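Structure data follow from final.cif (mmCIF, C-alpha atoms):
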data_entry
loop_
_atom_site.label_atom_id
_atom_site.label_comp_id
_atom_site.auth_asym_id
_atom_site.auth_seq_id
_atom_site.Cartn_x
_atom_site.Cartn_y
_atom_site.Cartn_z
CA LYS F 1 -7.03 -11.08 5.28
CA ASP F 2 -8.78 -8.26 6.98
CA GLN F 3 -10.88 -10.74 8.93
CA VAL F 4 -11.86 -10.49 12.57
CA ASP F 5 -12.98 -13.80 14.07
CA GLY F 6 -15.88 -13.80 16.51
CA ALA F 7 -19.09 -11.86 16.88
CA GLY F 8 -17.52 -8.67 18.10
CA SER F 9 -15.00 -6.16 16.86
CA SER F 10 -12.22 -4.58 18.91
CA VAL F 11 -10.53 -1.20 18.61
CA ASP F 12 -7.04 -0.48 19.89
CA LYS F 13 -6.13 3.10 20.61
CA ASP F 14 -3.02 4.37 18.91
CA ARG F 15 -0.62 5.27 21.72
CA VAL F 16 1.98 6.85 19.51
CA VAL F 17 0.13 10.08 18.60
CA GLY F 18 2.29 13.04 19.45
CA ALA F 19 5.45 10.99 19.90
CA GLU F 20 7.66 13.74 18.50
CA ALA F 21 6.16 16.33 20.83
CA ALA F 22 6.62 14.09 23.86
CA ALA F 23 10.14 12.91 22.97
CA SER F 24 11.84 15.90 24.57
CA ASN F 25 10.18 15.13 27.94
CA LEU F 26 11.66 11.63 28.26
CA SER F 27 13.86 11.09 31.28
CA ALA F 28 17.13 9.18 31.43
CA VAL F 29 15.28 6.30 33.11
CA ASP F 30 12.81 6.22 30.24
CA LEU F 31 15.61 6.17 27.70
CA ASP F 32 17.32 3.27 29.44
CA SER F 33 14.06 1.33 29.59
CA ILE F 34 13.30 1.78 25.91
CA SER F 35 16.92 1.27 24.91
CA ASP F 36 16.87 -2.16 26.53
CA SER F 37 13.96 -3.14 24.30
CA SER F 38 15.36 -1.59 21.14
CA ASP F 39 16.67 -4.96 20.00
CA ASN F 40 13.12 -5.86 19.07
CA TYR F 41 13.00 -3.50 16.12
CA PHE F 42 12.88 -4.91 12.61
CA GLU F 43 16.09 -4.86 10.62
CA THR F 44 14.87 -5.64 7.15
CA PRO F 45 11.74 -4.65 5.24
CA ARG F 46 10.69 -8.30 5.27
CA VAL F 47 8.16 -8.68 8.05
CA GLY F 48 7.71 -12.01 9.80
CA ALA F 49 4.22 -13.46 9.76
CA ARG F 50 2.84 -13.37 13.30
CA GLN F 51 -0.43 -15.23 13.32
CA ILE F 52 -2.41 -17.23 15.83
CA VAL F 53 -3.32 -20.73 14.76
CA ARG F 54 -5.04 -23.67 16.37
CA ALA F 55 -3.41 -27.07 16.66
CA ALA F 56 -5.79 -28.42 14.06
CA ASP F 57 -4.71 -25.73 11.62
CA LEU F 58 -1.13 -27.03 11.70
CA THR F 59 -2.13 -30.44 10.45
CA SER F 60 -4.27 -29.40 7.52
CA SER F 61 -4.41 -26.56 5.04
CA GLY F 62 -7.75 -24.91 4.36
CA SER F 63 -9.10 -23.08 1.37
CA ASN F 64 -9.51 -19.32 1.21
CA SER F 65 -13.17 -19.49 2.12
CA ASN F 66 -15.03 -22.04 4.21
CA VAL F 67 -18.56 -20.83 3.75
CA GLU F 68 -21.21 -22.91 2.02
CA GLU F 69 -21.60 -22.01 -1.61
CA GLU F 70 -24.49 -19.84 -2.70
CA GLU F 71 -27.04 -21.73 -4.78
CA ASP F 72 -28.62 -18.88 -6.72
CA PRO F 73 -27.18 -19.13 -10.28
CA ASP F 74 -28.64 -15.76 -11.31
CA ASP F 75 -26.36 -13.73 -9.09
CA TYR F 76 -22.94 -15.23 -9.60
CA ASP F 77 -21.03 -18.21 -10.91
CA ASP F 78 -19.22 -19.99 -8.09
CA ILE F 79 -17.04 -22.05 -10.41
CA ASN F 80 -14.21 -19.63 -9.74
CA SER F 81 -14.73 -19.59 -5.98
CA SER F 82 -12.15 -20.63 -3.44
CA SER F 83 -13.10 -24.31 -3.33
CA THR F 84 -11.51 -25.48 -6.57
CA GLU F 85 -9.52 -28.50 -7.72
CA GLU F 86 -6.47 -26.28 -7.86
CA ASP F 87 -6.75 -25.53 -4.17
CA GLU F 88 -7.39 -29.20 -3.41
CA ALA F 89 -4.11 -30.03 -5.13
CA THR F 90 -2.41 -27.54 -2.84
CA ASN F 91 -4.00 -29.19 0.17
CA ASN F 92 -2.35 -32.48 -0.74
CA VAL F 93 1.06 -30.95 -0.03
CA ASP F 94 2.26 -31.51 3.52
CA ILE F 95 2.98 -28.00 4.78
CA THR F 96 2.79 -28.65 8.50
CA GLU F 97 6.47 -28.17 9.26
CA HIS F 98 6.76 -25.24 6.89
CA THR F 99 3.79 -23.49 8.52
CA LYS F 100 5.21 -24.03 12.00
CA ALA F 101 8.55 -22.57 10.91
CA VAL F 102 6.83 -19.43 9.60
CA VAL F 103 4.45 -18.92 12.52
CA PHE F 104 7.00 -19.43 15.28
CA LYS F 105 10.01 -17.79 13.67
CA GLY F 106 11.98 -15.27 15.69
CA ILE F 107 11.81 -11.49 15.33
CA SER F 108 14.45 -9.85 13.15
CA LYS F 109 17.10 -7.61 14.63
CA PRO F 110 16.26 -3.88 14.84
CA LYS F 111 16.75 -1.63 11.84
CA HIS F 112 16.46 1.63 13.79
CA ASN F 113 18.05 2.61 17.10
CA PHE F 114 15.76 4.63 19.35
CA ILE F 115 18.54 6.52 21.16
CA GLN F 116 20.25 7.52 17.92
CA ASP F 117 16.94 8.49 16.33
CA LEU F 118 15.99 10.60 19.36
CA THR F 119 19.36 12.35 19.26
CA ARG F 120 18.93 13.14 15.55
CA LEU F 121 15.43 14.44 16.21
CA GLN F 122 16.63 16.77 18.98
CA MET F 123 19.38 18.05 16.69
CA GLY F 124 16.81 18.89 14.01
CA HIS F 125 17.87 16.27 11.49
CA ARG F 126 15.31 15.12 8.96
CA MET F 127 14.65 11.40 8.98
CA VAL F 128 12.98 9.15 6.39
CA PRO F 129 10.93 7.41 7.65
CA SER F 130 10.07 10.00 10.28
CA PHE F 131 10.70 9.57 13.99
CA SER F 132 7.01 8.88 14.64
CA GLN F 133 6.87 6.26 11.89
CA ARG F 134 9.94 4.53 13.26
CA LEU F 135 8.44 4.58 16.73
CA CYS F 136 5.11 3.19 15.46
CA GLY F 137 7.01 0.22 14.04
CA SER F 138 8.52 -0.59 17.41
CA VAL F 139 7.71 -4.10 18.59
CA ASP F 140 7.98 -2.83 22.16
CA LEU F 141 5.23 -0.25 21.63
CA VAL F 142 3.00 -2.72 19.81
CA ARG F 143 3.25 -5.01 22.82
CA ARG F 144 1.99 -2.18 25.03
CA LEU F 145 -1.29 -1.88 23.12
CA LYS F 146 -4.30 -2.85 25.20
CA LEU F 147 -7.97 -3.44 24.50
CA ALA F 148 -9.82 -0.12 24.67
CA TYR F 149 -13.32 -1.04 23.50
CA LYS F 150 -15.24 -4.16 22.61
CA LEU F 151 -18.22 -3.53 20.32
CA SER F 152 -20.80 -6.32 20.29
CA GLY F 153 -23.68 -6.45 17.85
CA HIS F 154 -23.07 -8.89 15.00
CA GLU F 155 -24.34 -12.47 15.04
CA GLY F 156 -21.68 -13.78 12.68
CA CYS F 157 -17.98 -13.41 11.95
CA VAL F 158 -16.91 -9.80 11.44
CA ASN F 159 -14.99 -9.72 8.16
CA SER F 160 -14.31 -6.01 7.72
CA LEU F 161 -13.72 -2.80 9.65
CA HIS F 162 -13.35 0.64 8.09
CA PHE F 163 -12.91 4.06 9.68
CA ASN F 164 -14.49 7.18 8.20
CA GLN F 165 -12.17 10.04 7.22
CA SER F 166 -12.30 11.72 10.63
CA GLY F 167 -11.80 8.43 12.47
CA SER F 168 -14.89 8.92 14.64
CA LYS F 169 -16.97 6.09 13.13
CA ILE F 170 -16.43 2.50 12.06
CA ALA F 171 -18.40 0.49 9.48
CA SER F 172 -18.31 -3.26 10.10
CA GLY F 173 -19.46 -6.00 7.71
CA SER F 174 -20.35 -9.51 8.82
CA ASP F 175 -21.47 -12.99 7.82
CA ASP F 176 -24.87 -12.09 9.28
CA LEU F 177 -25.38 -9.91 6.14
CA ASN F 178 -25.66 -6.76 8.26
CA ILE F 179 -23.55 -3.61 8.29
CA ILE F 180 -23.20 -1.71 11.55
CA VAL F 181 -22.04 1.89 11.94
CA TRP F 182 -20.34 2.40 15.28
CA GLU F 183 -19.50 5.52 17.26
CA TRP F 184 -16.64 3.65 18.83
CA GLU F 185 -15.47 6.39 21.22
CA LYS F 186 -18.94 6.33 22.81
CA ASN F 187 -18.90 2.54 22.74
CA GLN F 188 -22.27 2.44 21.05
CA LYS F 189 -24.05 1.35 17.89
CA MET F 190 -25.23 4.21 15.67
CA LEU F 191 -27.03 2.22 12.96
CA GLN F 192 -27.53 -1.39 11.92
CA PHE F 193 -29.06 -2.32 8.57
CA ASP F 194 -29.51 -5.20 6.13
CA SER F 195 -26.87 -4.82 3.43
CA GLY F 196 -29.05 -6.45 0.75
CA HIS F 197 -26.36 -9.05 0.05
CA LYS F 198 -27.28 -12.74 -0.19
CA ALA F 199 -24.03 -14.09 1.25
CA ASN F 200 -21.18 -13.11 3.56
CA VAL F 201 -20.31 -9.40 3.54
CA PHE F 202 -16.56 -9.34 2.96
CA GLN F 203 -15.97 -5.59 3.04
CA SER F 204 -17.77 -2.33 3.85
CA LYS F 205 -16.32 1.14 3.33
CA PHE F 206 -17.32 4.73 4.05
CA MET F 207 -17.19 7.00 1.03
CA PRO F 208 -16.21 10.65 1.63
CA GLY F 209 -18.94 12.49 3.50
CA ASP F 210 -20.01 9.49 5.64
CA LEU F 211 -23.46 9.29 4.02
CA LEU F 212 -22.59 6.53 1.53
CA ILE F 213 -21.30 3.05 2.39
CA THR F 214 -20.16 0.61 -0.28
CA SER F 215 -19.91 -3.13 0.30
CA CYS F 216 -18.93 -6.32 -1.51
CA SER F 217 -19.77 -9.91 -0.77
CA ARG F 218 -19.44 -13.59 -1.51
CA ASP F 219 -22.50 -13.21 -3.74
CA GLY F 220 -20.34 -11.11 -6.11
CA GLN F 221 -22.38 -7.95 -5.69
CA VAL F 222 -21.02 -4.47 -5.14
CA ARG F 223 -23.70 -2.49 -3.32
CA LEU F 224 -24.26 1.06 -2.11
CA ALA F 225 -26.14 2.13 1.02
CA GLU F 226 -27.30 5.73 1.37
CA LEU F 227 -27.77 7.26 4.81
CA SER F 228 -29.68 10.39 5.79
CA VAL F 229 -28.07 13.30 7.62
CA THR F 230 -29.87 12.11 10.75
CA GLY F 231 -28.10 8.75 10.52
CA GLU F 232 -31.00 6.66 9.24
CA LEU F 233 -30.87 4.29 6.28
CA ARG F 234 -32.50 5.73 3.17
CA SER F 235 -31.88 3.03 0.55
CA THR F 236 -29.56 0.33 -0.77
CA LYS F 237 -28.90 -0.66 -4.37
CA LYS F 238 -26.66 -2.88 -6.48
CA LEU F 239 -23.86 -1.13 -8.34
CA GLY F 240 -22.12 -4.06 -10.01
CA GLN F 241 -21.93 -7.83 -10.22
CA HIS F 242 -18.96 -10.22 -10.36
CA LYS F 243 -19.26 -13.82 -11.56
CA GLY F 244 -17.73 -15.05 -8.34
CA PRO F 245 -17.07 -13.85 -4.80
CA ALA F 246 -15.88 -10.24 -4.49
CA HIS F 247 -13.46 -9.96 -1.59
CA LYS F 248 -12.13 -6.41 -1.75
CA MET F 249 -12.83 -2.87 -2.94
CA SER F 250 -10.66 0.22 -3.08
CA LEU F 251 -11.56 3.92 -2.95
CA LEU F 252 -9.66 6.29 -5.23
CA PRO F 253 -7.84 9.08 -3.36
CA ASP F 254 -8.58 11.69 -6.05
CA CYS F 255 -12.14 10.72 -7.02
CA PRO F 256 -14.86 10.46 -4.33
CA TYR F 257 -17.39 8.83 -6.68
CA VAL F 258 -15.41 5.85 -8.00
CA VAL F 259 -14.79 2.47 -6.38
CA LEU F 260 -12.59 -0.31 -7.76
CA SER F 261 -13.75 -3.85 -7.00
CA ALA F 262 -12.08 -7.20 -7.69
CA GLY F 263 -13.48 -10.70 -7.70
CA GLU F 264 -12.60 -14.34 -8.07
CA ASP F 265 -13.77 -14.08 -11.69
CA GLY F 266 -10.49 -12.22 -12.35
CA GLN F 267 -12.33 -9.01 -13.20
CA VAL F 268 -11.57 -5.52 -11.93
CA LEU F 269 -14.59 -3.22 -12.09
CA SER F 270 -14.48 0.55 -12.00
CA VAL F 271 -17.77 1.55 -10.36
CA ASP F 272 -18.88 5.17 -10.69
CA ILE F 273 -21.86 5.64 -8.37
CA ARG F 274 -23.22 8.33 -10.72
CA GLU F 275 -23.43 5.92 -13.66
CA GLN F 276 -25.87 3.09 -14.39
CA LYS F 277 -23.28 0.39 -15.10
CA PRO F 278 -19.68 -0.26 -14.03
CA ASP F 279 -16.74 -0.45 -16.44
CA LYS F 280 -14.74 -3.67 -16.79
CA ILE F 281 -11.22 -2.30 -16.85
CA LEU F 282 -9.13 -5.46 -16.39
CA LEU F 283 -9.37 -9.22 -16.73
CA LEU F 284 -6.36 -10.61 -14.89
CA LYS F 285 -4.61 -13.49 -16.67
CA ASN F 286 -1.25 -15.16 -16.30
CA GLU F 287 1.34 -15.93 -18.97
CA LYS F 288 -0.59 -19.08 -19.91
CA ASP F 289 -3.68 -16.98 -20.65
CA LYS F 290 -5.48 -18.43 -17.63
CA LYS F 291 -7.69 -16.23 -15.47
CA ILE F 292 -6.37 -15.45 -12.00
CA PRO F 293 -8.94 -15.15 -9.19
CA ILE F 294 -8.34 -11.87 -7.34
CA TYR F 295 -8.51 -11.69 -3.56
CA SER F 296 -7.33 -8.13 -3.01
CA ILE F 297 -7.17 -4.72 -4.69
CA HIS F 298 -5.81 -1.44 -3.33
CA SER F 299 -5.18 2.03 -4.79
CA SER F 300 -2.02 3.96 -4.07
CA PRO F 301 -2.79 6.84 -1.65
CA SER F 302 -0.17 8.99 -3.37
CA ASN F 303 -1.04 8.17 -6.99
CA GLY F 304 -4.69 7.63 -7.88
CA ASN F 305 -3.76 6.04 -11.22
CA TRP F 306 -1.95 3.12 -9.61
CA PHE F 307 -3.60 0.10 -8.03
CA CYS F 308 -2.26 -3.29 -6.97
CA THR F 309 -3.89 -6.70 -7.20
CA SER F 310 -3.17 -10.02 -5.56
CA GLY F 311 -4.82 -13.39 -5.79
CA ARG F 312 -4.36 -17.04 -6.61
CA ASP F 313 -0.77 -16.85 -7.78
CA GLN F 314 2.48 -15.68 -6.24
CA PHE F 315 2.68 -12.18 -7.75
CA VAL F 316 1.63 -8.77 -6.49
CA ARG F 317 0.95 -6.69 -9.59
CA ILE F 318 0.79 -2.91 -9.94
CA PHE F 319 -1.25 -1.39 -12.76
CA ASP F 320 -1.70 2.11 -14.15
CA ARG F 321 -5.36 2.80 -14.94
CA ARG F 322 -4.44 5.16 -17.78
CA PHE F 323 -2.85 2.40 -19.85
CA LEU F 324 -5.13 -0.56 -19.30
CA LYS F 325 -6.09 -2.45 -22.44
CA ARG F 326 -9.68 -3.42 -23.10
CA ASP F 327 -8.86 -6.86 -24.51
CA GLY F 328 -8.17 -8.38 -21.11
CA ARG F 329 -4.41 -8.49 -21.53
CA LEU F 330 -1.99 -7.18 -18.94
CA GLY F 331 -1.71 -3.77 -20.52
CA GLY F 332 -0.90 -1.08 -18.00
CA GLN F 333 1.09 -3.41 -15.76
CA VAL F 334 3.87 -1.36 -14.19
CA VAL F 335 5.68 -4.09 -12.28
CA ARG F 336 5.04 -7.33 -10.45
CA TYR F 337 6.61 -8.60 -7.24
CA CYS F 338 7.39 -12.02 -5.88
CA PRO F 339 9.94 -13.30 -3.35
CA GLU F 340 12.73 -15.26 -5.01
CA ASN F 341 12.00 -18.39 -2.99
CA LEU F 342 8.40 -18.51 -4.26
CA LYS F 343 8.90 -17.83 -7.96
CA ASP F 344 9.57 -21.44 -8.95
CA ASN F 345 8.41 -23.37 -5.93
CA ASP F 346 6.57 -26.52 -7.02
CA GLU F 347 6.16 -27.85 -3.48
CA LEU F 348 4.09 -24.94 -2.19
CA LYS F 349 1.52 -23.17 -4.35
CA ALA F 350 1.65 -19.73 -2.80
CA TYR F 351 -1.11 -17.22 -3.25
CA ILE F 352 -1.67 -13.81 -1.70
CA THR F 353 -4.65 -13.08 0.50
CA CYS F 354 -4.08 -9.31 0.73
CA ALA F 355 -1.72 -6.61 -0.57
CA VAL F 356 -1.80 -2.86 0.18
CA PHE F 357 0.29 0.25 -0.48
CA SER F 358 1.98 2.29 2.22
CA GLU F 359 0.68 5.81 2.81
CA ASP F 360 3.37 7.38 0.62
CA GLY F 361 3.05 4.73 -2.09
CA ARG F 362 6.71 3.76 -1.85
CA GLU F 363 6.06 0.26 -0.55
CA VAL F 364 3.61 -2.60 -0.99
CA ILE F 365 3.08 -5.24 1.67
CA GLY F 366 1.69 -8.66 0.76
CA SER F 367 0.47 -11.49 2.99
CA TYR F 368 1.07 -14.98 1.57
CA ASN F 369 -0.92 -18.05 2.58
CA ASP F 370 1.07 -20.44 4.79
CA GLU F 371 4.10 -18.21 4.21
CA ASP F 372 5.59 -14.92 5.32
CA ILE F 373 4.47 -11.33 4.97
CA TYR F 374 6.71 -9.52 2.46
CA LEU F 375 7.43 -5.83 1.94
CA PHE F 376 8.30 -4.61 -1.57
CA ASN F 377 9.79 -1.33 -2.78
CA THR F 378 7.61 0.09 -5.57
CA TYR F 379 10.63 1.81 -7.13
CA ASP F 380 12.47 -1.48 -7.54
CA PRO F 381 12.00 -2.69 -11.15
CA GLU F 382 13.11 -6.18 -10.24
CA GLY F 383 10.33 -6.62 -7.71
CA SER F 384 12.38 -8.29 -4.98
CA PRO F 385 11.48 -7.83 -1.28
#
Target encoding structure tokens, full file:
Amino acid sequence: KDQVDGAGSSVDKDRVVGAEAAASNLSAVDLDSISDSSDNYFETPRVGARQIVRAADLTSSGSNSNVEEEEDPDDYDDINSSSTEEDEATNNVDITEHTKAVVFKGISKPKHNFIQDLTRLQMGHRMVPSFSQRLCGSVDLVRRLKLAYKLSGHEGCVNSLHFNQSGSKIASGSDDLNIIVWEWEKNQKMLQFDSGHKANVFQSKFMPGDLLITSCSRDGQVRLAELSVTGELRSTKKLGQHKGPAHKMSLLPDCPYVVLSAGEDGQVLSVDIREQKPDKILLLKNEKDKKIPIYSIHSSPSNGNWFCTSGRDQFVRIFDRRFLKRDGRLGGQVVRYCPENLKDNDELKAYITCAVFSEDGREVIGSYNDEDIYLFNTYDPEGSP
């Protein structure tokens, strides 16, 4: 979940920028210091779930959303929302010990060796992933991150943060139904406005150019806010409507006017802001022809035709927009992924709260409820992590 608890949002500065340029200036003392901590690197692409939980959370399992249901029947149908009998059945399973084992598991052994990688870099060898990417994945460097700014302005939980293309601004969406545009480097609020949603704002995103902000919400709406060049709000309007909460949207890397949205009604909408109505491009169903509520959607940064979905079952699915069928079947599905231990697990009904592509599109990472975080290779036809 891309959820930030509390009324404020925090920004951590990336301390790894220019790592390759600075590598040649490291002293022997520096190398010894970092070498001692190199055992904290990850060995396998499977990433351990590192989450903070309260004691009460370890004795009960909650649903995907704990907000009171919206009562307006004209906007969306909450039958498919998170609080369903299916989830209640999951809650009856005692997962306390399993959750503890996941949360407090140890860190895997390192996959990359800093000294060897630095030597290869200095010798001019090409590395995949690059030296900077390997360094960014260092547990030691992550532990060195410190709070840089704390931006206070919302009166409810902050559910979403999104940088603009230049990285100079952040759009935050909250349970207070407001969207705030921050100039985070100046530690100040640039604009705050009413999103027009009737329930929790789950996501807000800058579109290219910084003058348009899209948002989706528990009320099922996909909305668009237009800003003036002076930074003032000009208007907001509804672009599309799901028959259930809409948790995520995705911008297409090769089309600045189209947004993909997904909802708990199992629908994927292709919203072109230049058109009057969105296109229903996919109704996600399982092999039993039952609709699957969708919690997450993300487009591949390297291939605008591919997008992945995840929701209330154990599979991350990748689709190709060019081959989607209009009858609601799984036409256009390229591959689906699921860890072997979750494929036929009757004791724990796993579902996926979020799944996203890597920058090069070669990997997909998925976060499972009360389970681990898994990394999948998109070129693996078997779909194993």
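Among F:Val128, F:Leu121, F:Cys216, F:Leu342, the residue with the shortest atom-to-atom distance to Asn159 of chain F, counting all atoms listed in the file, is F:Cys216.
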| d(atom CA of Val316 of chain F, atom CA of Met207 of chain F) in Å | 25.7 Å
| note | Min atom-atom distance to Phe114 of chain F from the set F:Leu147, F:Leu227, F:Leu141, F:Ile179, counting all atoms listed in the file, belongs to F:Leu141
Which residues fall under the PyMOL selection byres ((chain F and resi 171) around 6) in this file, as an mmCIF file with C-alpha atoms, in the coordinates of the input?
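So the final result, stored in expr13.cif, reads:
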data_model
loop_
_atom_site.group_PDB
_atom_site.id
_atom_site.type_symbol
_atom_site.label_atom_id
_atom_site.label_comp_id
_atom_site.auth_asym_id
_atom_site.auth_seq_id
_atom_site.Cartn_x
_atom_site.Cartn_y
_atom_site.Cartn_z
ATOM 1 C CA LEU F 161 -13.720 -2.800 9.650
ATOM 2 C CA HIS F 162 -13.350 0.640 8.090
ATOM 3 C CA ILE F 170 -16.430 2.500 12.060
ATOM 4 C CA SER F 172 -18.310 -3.260 10.100
ATOM 5 C CA ILE F 180 -23.200 -1.710 11.550
ATOM 6 C CA VAL F 181 -22.040 1.890 11.940
#
| Spatial neighbours of Asn369 of chain F, max dist 7 Å, only C-alpha atoms, sep filter under 3 positions, as a ChimeraX atom specification | /F:350-353
| Hey, what's within 7 Å of Asp279 of chain F if we count all atoms listed in the file and toss same-chain stuff fewer than 4 positions away? As a ChimeraX atom specification, please? | /F:269-271
Just the selected residues (C-alpha atoms), exported as a PDB file, keeping the file's coordinate frame, please.
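Okay, this is what ended up in result09.pdb:
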ATOM      1  CA  LEU F 269     -14.590  -3.220 -12.090  1.00  0.00           C
ATOM      2  CA  SER F 270     -14.480   0.550 -12.000  1.00  0.00           C
ATOM      3  CA  VAL F 271     -17.770   1.550 -10.360  1.00  0.00           C
TER       4      VAL F 271
END
| task | Starting from the displayed file, determine the output of the PyMOL selection byres ((chain F and resi 359) around 9) and express the residue list as a VMD selection string. | result | chain F and resid 300 to 302 357 to 358 360 to 363
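Between atom CA of Leu324 of chain F and atom CA of Tyr337 of chain F there is a distance of 18.7 Å.
The residue that comes closest to Asp372 of chain F, out of F:Gln276, F:Asp320, F:Gln314, F:Ser160 and on the basis of only C-alpha atoms, is F:Gln314.
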| For this file, the PyMOL selection byres ((chain F and resi 235-244) around 10) selects which residues, as a PyMOL selection string? | chain F and resi 73-82+193-197+212-228+232-234+245-247+259+261-279+293-294
| field | Distance query 7 Å from (-5.7, 5.0, -1.4) using all atoms listed in the file, result as a ChimeraX atom specification | value | /F:251-253,298-301
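You will find atom CA of Lys343 of chain F at 21.0 Å from atom CA of Val103 of chain F.
Residue nearest His112 of chain F, chosen from F:Lys100, F:Met249, F:Cys157, F:Ser130 and counting all atoms listed in the file: F:Ser130.
Among F:Phe202, F:Phe376, F:Tyr257, F:Phe323, the residue with the shortest atom-to-atom distance to Val158 of chain F, counting only C-alpha atoms, is F:Phe202.
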| request: Around the point (2.2, -4.1, -5.6), in the coordinates given by the file, pick out the residues reaching within 9 Å, counting all atoms listed in the file, and return them as a PyMOL selection string. | output: chain F and resi 298+307-310+315-319+335-337+355-357+363-366+376-378+383
Keeping C-alpha atoms, export the residues of the selection given above as a PDB file, in the coordinates of the input.
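What ended up in part-v1.pdb:
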ATOM      1  CA  HIS F 298      -5.810  -1.440  -3.330  1.00  0.00           C
ATOM      2  CA  PHE F 307      -3.600   0.100  -8.030  1.00  0.00           C
ATOM      3  CA  CYS F 308      -2.260  -3.290  -6.970  1.00  0.00           C
ATOM      4  CA  THR F 309      -3.890  -6.700  -7.200  1.00  0.00           C
ATOM      5  CA  SER F 310      -3.170 -10.020  -5.560  1.00  0.00           C
ATOM      6  CA  PHE F 315       2.680 -12.180  -7.750  1.00  0.00           C
ATOM      7  CA  VAL F 316       1.630  -8.770  -6.490  1.00  0.00           C
ATOM      8  CA  ARG F 317       0.950  -6.690  -9.590  1.00  0.00           C
ATOM      9  CA  ILE F 318       0.790  -2.910  -9.940  1.00  0.00           C
ATOM     10  CA  PHE F 319      -1.250  -1.390 -12.760  1.00  0.00           C
ATOM     11  CA  VAL F 335       5.680  -4.090 -12.280  1.00  0.00           C
ATOM     12  CA  ARG F 336       5.040  -7.330 -10.450  1.00  0.00           C
ATOM     13  CA  TYR F 337       6.610  -8.600  -7.240  1.00  0.00           C
ATOM     14  CA  ALA F 355      -1.720  -6.610  -0.570  1.00  0.00           C
ATOM     15  CA  VAL F 356      -1.800  -2.860   0.180  1.00  0.00           C
ATOM     16  CA  PHE F 357       0.290   0.250  -0.480  1.00  0.00           C
ATOM     17  CA  GLU F 363       6.060   0.260  -0.550  1.00  0.00           C
ATOM     18  CA  VAL F 364       3.610  -2.600  -0.990  1.00  0.00           C
ATOM     19  CA  ILE F 365       3.080  -5.240   1.670  1.00  0.00           C
ATOM     20  CA  GLY F 366       1.690  -8.660   0.760  1.00  0.00           C
ATOM     21  CA  PHE F 376       8.300  -4.610  -1.570  1.00  0.00           C
ATOM     22  CA  ASN F 377       9.790  -1.330  -2.780  1.00  0.00           C
ATOM     23  CA  THR F 378       7.610   0.090  -5.570  1.00  0.00           C
ATOM     24  CA  GLY F 383      10.330  -6.620  -7.710  1.00  0.00           C
TER      25      GLY F 383
END
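The shortest atom-to-atom distance to Val139 of chain F, with only C-alpha atoms taken into account, belongs to F:Ser108 out of F:Thr230, F:Asn187, F:Ser108, F:Ser367.
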